[in-house]
Amino acid sequence: MDVQGCLDSVSQYSSPKYVRIQSPVCGCVQIAFYATLALSICCIVFIHRLYQETDEINSSVRTSVKGVAYTNNRIWDTAEYAIPVQGVNSFFVMTNIITTENQIEHTCPEYPFVKAICSSDKSCEKGSVDIHSHGIKTGRCVNYNATTKTCEVRAWCPVESMESPPKPAVLRSSEDFTVLIKNNIHFPKFDYNTLNFPPNVNTSCTYNKITSPFCPVFRLGDILQEAKENFSEVAVKGGIIAIEINWDCNLDRWFYNCRPKYGFYRLDDRKTTPGLHFRYARYYKLPDGREQRTLFKVYGIRFDVLVFGTGRKFNAIELIKNLGSMISYIGLVAWAIEFVLWVGSYSHFGKSSFYKIFNRKKFETMLDPRQVLYVSYIDEPHVTLIKMPLKTSLQHAEGSIVESHPVKFCDAGSWRTSESNENHDNEESELGQPLRQRASSPDGQKWCCCGKCRPTPTYHEQLCCRRKKGQCITTSYGFRQLVLSRDTLKKALLYKDPFMDLMDDDINNKLRHLAYKQYIHWHFSCFDLEDRAVIPNCCRWKIRDTYPKAVHNYTGFNME
């Protein structure tokens, strides 16, 4: 492709073809679809707040547990049961405990578990350590009690008991303890700060989902209840409970809303490995200098405070961007209507006249140009398409009507020019009407209806200007002036090339070829069929006789 061709392709715009259906039903369906889609887009924009830009939350959490309990003849206060944990935004409340007192580093019998039970010293390998052992084996098998022998170990003696935790839990009354949660949040994009602790909050309040949904003071028993757990059962072995704080903040002035919503659920698996416990010890010095300790195996509930949130604020660019992406769904309306029409065409409605006309208008079949011919008769108001190969004369070949552009040849007969003074009163002005005296075709030419065609053995050249007997178009004034007139053809040549030499020896060839094109443009109207339109035999020979070759070696219609 040359440079000019590239520039032409860049400067052109191709628009798709649409078929307009004049139908109240289709119009109402289209309007209903568009209205439904527009309403859906508006609902999505407002429900999901696509007109706002968003920012993720930054937060910090502080907790303070309060409560006192009296059990096992001692007072338990915050310093006893609120044990610091290593996790971020978490706090731990002890609910159950197993205590092993007065432990001294010495030798003593191991607690009787399967691998620690023995019958002789051979069962206790000196220096070995089992994963469940409390110390290092000395190699001796000793009595644990009157009925059981276990391997002796060097450990903190007496060793810890491996019994189940007390039931009910020692600190089951801790469900009445309360925790104050202070949560500060920040949206950096909007430079906005707030906290879940309103300035006018009553610190004596307690959170309730219905009556006090924004109170930052929570009763532990209520937290477990909201998480659908029983505090007394969880307190025995402990557990992990999530306190979720969700901030969904609308920071627009006209719809301002930025308050936390609390949620609660259990994190540890209650079926496979429920509970939470750990050990710690308190050490003392005896008068003789030896070290002694008290071991605590602590069960409790760890509360993890999880903060989520999104800040939103109106932004015109965000609205335009989201609307632009959603407007593309308008194409679904056309697709839906096309789908309905497609389904209808394959149903019993497909045989109706509406679908027949619609399918002809909607779909155009592109045939191989080398396998089709186009013909036009002066007594028929249309162009006919005939498929190759031919099994009879082109005049008698069956074809299909090209209905997209009916041609009215009767207007051509009334064409006049001021350059001619001929009298046309005796000439039939409407070539579509038959002659009063029928023309006769040459002998053996059953395909000729005008009497002016010449014999030819080639099927595709056996074509007359008429479908029925009548006057030949070559005798008409319009044919002589539009197709044969030397003056008309020379003007057309000069229109294309103002400097053309009209005295050239090859002028006849140029005039003849131009006469062919004139006839095709005249009788095939605006169809771009120049390469596959067949000129009738009579017209072709009339043009050849008017503008002959020096050597009469005409090639005829090119079938390639």
# chains A, B, ... in the order shown; residues from 1 in each chain; ligands from 1
>>> closest_atom_pairs(of="region 453-510 of chain A", to="region 376-381 of chain A", cutoff="7 Å", atoms="only C-alpha atoms", output="JSON lines")
{"residue": "A:Cys465", "atom": "CA", "partner": "A:Tyr377", "partner_atom": "CA", "distance": 5.3}
{"residue": "A:Arg466", "atom": "CA", "partner": "A:Tyr377", "partner_atom": "CA", "distance": 4.9}
{"residue": "A:Arg467", "atom": "CA", "partner": "A:Tyr377", "partner_atom": "CA", "distance": 6.1}
>>> residues_around(residues="region 115-132 of chain A", least_positions_apart="6", cutoff="12 Å", atoms="only C-alpha atoms", output="PyMOL selection string")
chain A and resi 109+138-145+147-155+159-162
>>> write_last_selection(atoms="N, CA and C atoms", output="PDB file, in the first residue's frame")
ATOM      1  N   PRO A 109      10.720 -39.516  91.096  1.00  0.00           N
ATOM      2  CA  PRO A 109      10.071 -40.359  90.086  1.00  0.00           C
ATOM      3  C   PRO A 109       9.350 -39.483  89.048  1.00  0.00           C
ATOM      4  N   THR A 138      17.946 -40.906  85.192  1.00  0.00           N
ATOM      5  CA  THR A 138      19.180 -41.250  85.944  1.00  0.00           C
ATOM      6  C   THR A 138      19.576 -42.709  85.736  1.00  0.00           C
ATOM      7  N   GLY A 139      18.700 -43.510  85.143  1.00  0.00           N
ATOM      8  CA  GLY A 139      18.975 -44.932  84.925  1.00  0.00           C
ATOM      9  C   GLY A 139      18.383 -45.832  85.972  1.00  0.00           C
ATOM     10  N   ARG A 140      17.637 -45.269  86.919  1.00  0.00           N
ATOM     11  CA  ARG A 140      17.036 -46.088  87.988  1.00  0.00           C
ATOM     12  C   ARG A 140      15.533 -46.149  87.804  1.00  0.00           C
ATOM     13  N   CYS A 141      14.953 -47.300  88.218  1.00  0.00           N
ATOM     14  CA  CYS A 141      13.500 -47.504  88.216  1.00  0.00           C
ATOM     15  C   CYS A 141      13.047 -47.483  89.666  1.00  0.00           C
ATOM     16  N   VAL A 142      12.204 -46.501  90.042  1.00  0.00           N
ATOM     17  CA  VAL A 142      11.811 -46.310  91.438  1.00  0.00           C
ATOM     18  C   VAL A 142      10.299 -46.295  91.554  1.00  0.00           C
ATOM     19  N   ASN A 143       9.810 -46.402  92.810  1.00  0.00           N
ATOM     20  CA  ASN A 143       8.371 -46.402  93.055  1.00  0.00           C
ATOM     21  C   ASN A 143       7.804 -44.976  92.948  1.00  0.00           C
ATOM     22  N   TYR A 144       6.752 -44.827  92.145  1.00  0.00           N
ATOM     23  CA  TYR A 144       6.034 -43.551  92.091  1.00  0.00           C
ATOM     24  C   TYR A 144       4.998 -43.519  93.207  1.00  0.00           C
ATOM     25  N   ASN A 145       4.309 -44.668  93.369  1.00  0.00           N
ATOM     26  CA  ASN A 145       3.397 -44.857  94.498  1.00  0.00           C
ATOM     27  C   ASN A 145       3.392 -46.339  94.840  1.00  0.00           C
ATOM     28  N   THR A 147       1.675 -48.738  93.846  1.00  0.00           N
ATOM     29  CA  THR A 147       1.341 -49.687  92.780  1.00  0.00           C
ATOM     30  C   THR A 147       2.107 -49.465  91.489  1.00  0.00           C
ATOM     31  N   THR A 148       2.767 -48.317  91.334  1.00  0.00           N
ATOM     32  CA  THR A 148       3.371 -47.981  90.036  1.00  0.00           C
ATOM     33  C   THR A 148       4.833 -47.605  90.220  1.00  0.00           C
ATOM     34  N   LYS A 149       5.668 -48.095  89.278  1.00  0.00           N
ATOM     35  CA  LYS A 149       7.079 -47.725  89.229  1.00  0.00           C
ATOM     36  C   LYS A 149       7.324 -46.893  87.974  1.00  0.00           C
ATOM     37  N   THR A 150       8.139 -45.866  88.115  1.00  0.00           N
ATOM     38  CA  THR A 150       8.521 -45.035  86.959  1.00  0.00           C
ATOM     39  C   THR A 150      10.011 -44.764  87.001  1.00  0.00           C
ATOM     40  N   CYS A 151      10.550 -44.310  85.896  1.00  0.00           N
ATOM     41  CA  CYS A 151      11.976 -43.981  85.815  1.00  0.00           C
ATOM     42  C   CYS A 151      12.268 -42.725  86.640  1.00  0.00           C
ATOM     43  N   GLU A 152      13.368 -42.772  87.312  1.00  0.00           N
ATOM     44  CA  GLU A 152      13.777 -41.614  88.108  1.00  0.00           C
ATOM     45  C   GLU A 152      14.394 -40.566  87.167  1.00  0.00           C
ATOM     46  N   VAL A 153      14.093 -39.287  87.424  1.00  0.00           N
ATOM     47  CA  VAL A 153      14.633 -38.206  86.597  1.00  0.00           C
ATOM     48  C   VAL A 153      15.203 -37.122  87.483  1.00  0.00           C
ATOM     49  N   ARG A 154      16.161 -36.415  86.919  1.00  0.00           N
ATOM     50  CA  ARG A 154      16.659 -35.211  87.600  1.00  0.00           C
ATOM     51  C   ARG A 154      15.883 -34.039  87.015  1.00  0.00           C
ATOM     52  N   ALA A 155      15.071 -33.388  87.853  1.00  0.00           N
ATOM     53  CA  ALA A 155      14.155 -32.343  87.383  1.00  0.00           C
ATOM     54  C   ALA A 155      13.773 -31.464  88.552  1.00  0.00           C
ATOM     55  N   VAL A 159       7.517 -33.432  90.244  1.00  0.00           N
ATOM     56  CA  VAL A 159       7.200 -33.051  88.870  1.00  0.00           C
ATOM     57  C   VAL A 159       5.736 -32.628  88.748  1.00  0.00           C
ATOM     58  N   GLU A 160       5.461 -31.892  87.711  1.00  0.00           N
ATOM     59  CA  GLU A 160       4.102 -31.387  87.461  1.00  0.00           C
ATOM     60  C   GLU A 160       3.151 -32.537  87.172  1.00  0.00           C
ATOM     61  N   SER A 161       1.967 -32.438  87.716  1.00  0.00           N
ATOM     62  CA  SER A 161       0.926 -33.405  87.428  1.00  0.00           C
ATOM     63  C   SER A 161       0.371 -33.159  86.028  1.00  0.00           C
ATOM     64  N   MET A 162       0.056 -34.230  85.299  1.00  0.00           N
ATOM     65  CA  MET A 162      -0.469 -34.108  83.944  1.00  0.00           C
ATOM     66  C   MET A 162      -1.965 -34.380  83.916  1.00  0.00           C
TER      67      MET A 162
END
>>> residues_around(residues="Lys321 (chain A)", least_positions_apart="4", cutoff="12 Å", atoms="only C-alpha atoms", output="list in words")
Val45, Leu50, Tyr51, Gln52, Glu53, Asn315, Ala316, Ile317, Ser325, Met326, Ile327 and Ser328 of chain A
>>> write_last_selection(atoms="C-alpha atoms", output="PDB file, in the first residue's frame")
ATOM      1  CA  VAL A  45     -23.454   3.198  41.949  1.00  0.00           C
ATOM      2  CA  LEU A  50     -18.892   4.035  43.410  1.00  0.00           C
ATOM      3  CA  TYR A  51     -19.007   7.842  43.450  1.00  0.00           C
ATOM      4  CA  GLN A  52     -16.452   7.917  46.297  1.00  0.00           C
ATOM      5  CA  GLU A  53     -12.752   7.263  46.519  1.00  0.00           C
ATOM      6  CA  ASN A 315     -14.639  12.233  44.109  1.00  0.00           C
ATOM      7  CA  ALA A 316     -15.913  13.352  40.684  1.00  0.00           C
ATOM      8  CA  ILE A 317     -13.113  11.596  38.800  1.00  0.00           C
ATOM      9  CA  SER A 325     -16.870   1.421  32.801  1.00  0.00           C
ATOM     10  CA  MET A 326     -20.503   0.595  33.570  1.00  0.00           C
ATOM     11  CA  ILE A 327     -21.938   2.398  30.527  1.00  0.00           C
ATOM     12  CA  SER A 328     -20.226  -0.261  28.430  1.00  0.00           C
TER      13      SER A 328
END
>>> select_by_dssp(residues="region 257-403 of chain A", states="helix (DSSP H, G or I)", output="PyMOL selection string")
chain A and resi 316-345+348-351+353-362+369-371
>>> closest_residue(among="A:Glu175, A:Tyr18, A:Ala242, A:Thr211", to="Arg302 (chain A)", atoms="only C-alpha atoms")
A:Ala242
>>> residues_around(residues="Ala515 (chain A)", least_positions_apart="5", cutoff="9 Å", atoms="only C-alpha atoms", output="PDB file with N, CA and C atoms, in the first residue's frame")
ATOM      1  N   LEU A 482     -26.196   8.304 -24.345  1.00  0.00           N
ATOM      2  CA  LEU A 482     -25.453   8.000 -23.112  1.00  0.00           C
ATOM      3  C   LEU A 482     -24.291   7.040 -23.337  1.00  0.00           C
ATOM      4  N   VAL A 483     -24.431   6.126 -24.274  1.00  0.00           N
ATOM      5  CA  VAL A 483     -23.434   5.066 -24.432  1.00  0.00           C
ATOM      6  C   VAL A 483     -22.610   5.254 -25.704  1.00  0.00           C
ATOM      7  N   LEU A 484     -23.275   5.574 -26.839  1.00  0.00           N
ATOM      8  CA  LEU A 484     -22.571   5.595 -28.126  1.00  0.00           C
ATOM      9  C   LEU A 484     -22.062   6.964 -28.519  1.00  0.00           C
ATOM     10  N   SER A 485     -22.637   8.032 -27.994  1.00  0.00           N
ATOM     11  CA  SER A 485     -22.269   9.370 -28.438  1.00  0.00           C
ATOM     12  C   SER A 485     -20.786   9.640 -28.241  1.00  0.00           C
ATOM     13  N   LEU A 489     -18.772  10.676 -24.780  1.00  0.00           N
ATOM     14  CA  LEU A 489     -17.658   9.863 -24.274  1.00  0.00           C
ATOM     15  C   LEU A 489     -16.374  10.681 -24.200  1.00  0.00           C
ATOM     16  N   LYS A 510     -10.177   3.352 -26.177  1.00  0.00           N
ATOM     17  CA  LYS A 510     -10.571   4.064 -24.963  1.00  0.00           C
ATOM     18  C   LYS A 510     -12.063   4.375 -24.967  1.00  0.00           C
ATOM     19  N   ILE A 520     -22.881  -0.024 -18.059  1.00  0.00           N
ATOM     20  CA  ILE A 520     -22.998  -0.693 -16.742  1.00  0.00           C
ATOM     21  C   ILE A 520     -23.470   0.301 -15.676  1.00  0.00           C
ATOM     22  N   ILE A 543     -21.641  -1.446 -29.604  1.00  0.00           N
ATOM     23  CA  ILE A 543     -20.499  -0.632 -29.177  1.00  0.00           C
ATOM     24  C   ILE A 543     -19.265  -0.973 -29.994  1.00  0.00           C
TER      25      ILE A 543
END
>>> closest_residue(among="A:Gly263, A:Gly300, A:Gly331, A:Pro112", to="Gly239 (chain A)", atoms="only C-alpha atoms")
A:Gly300
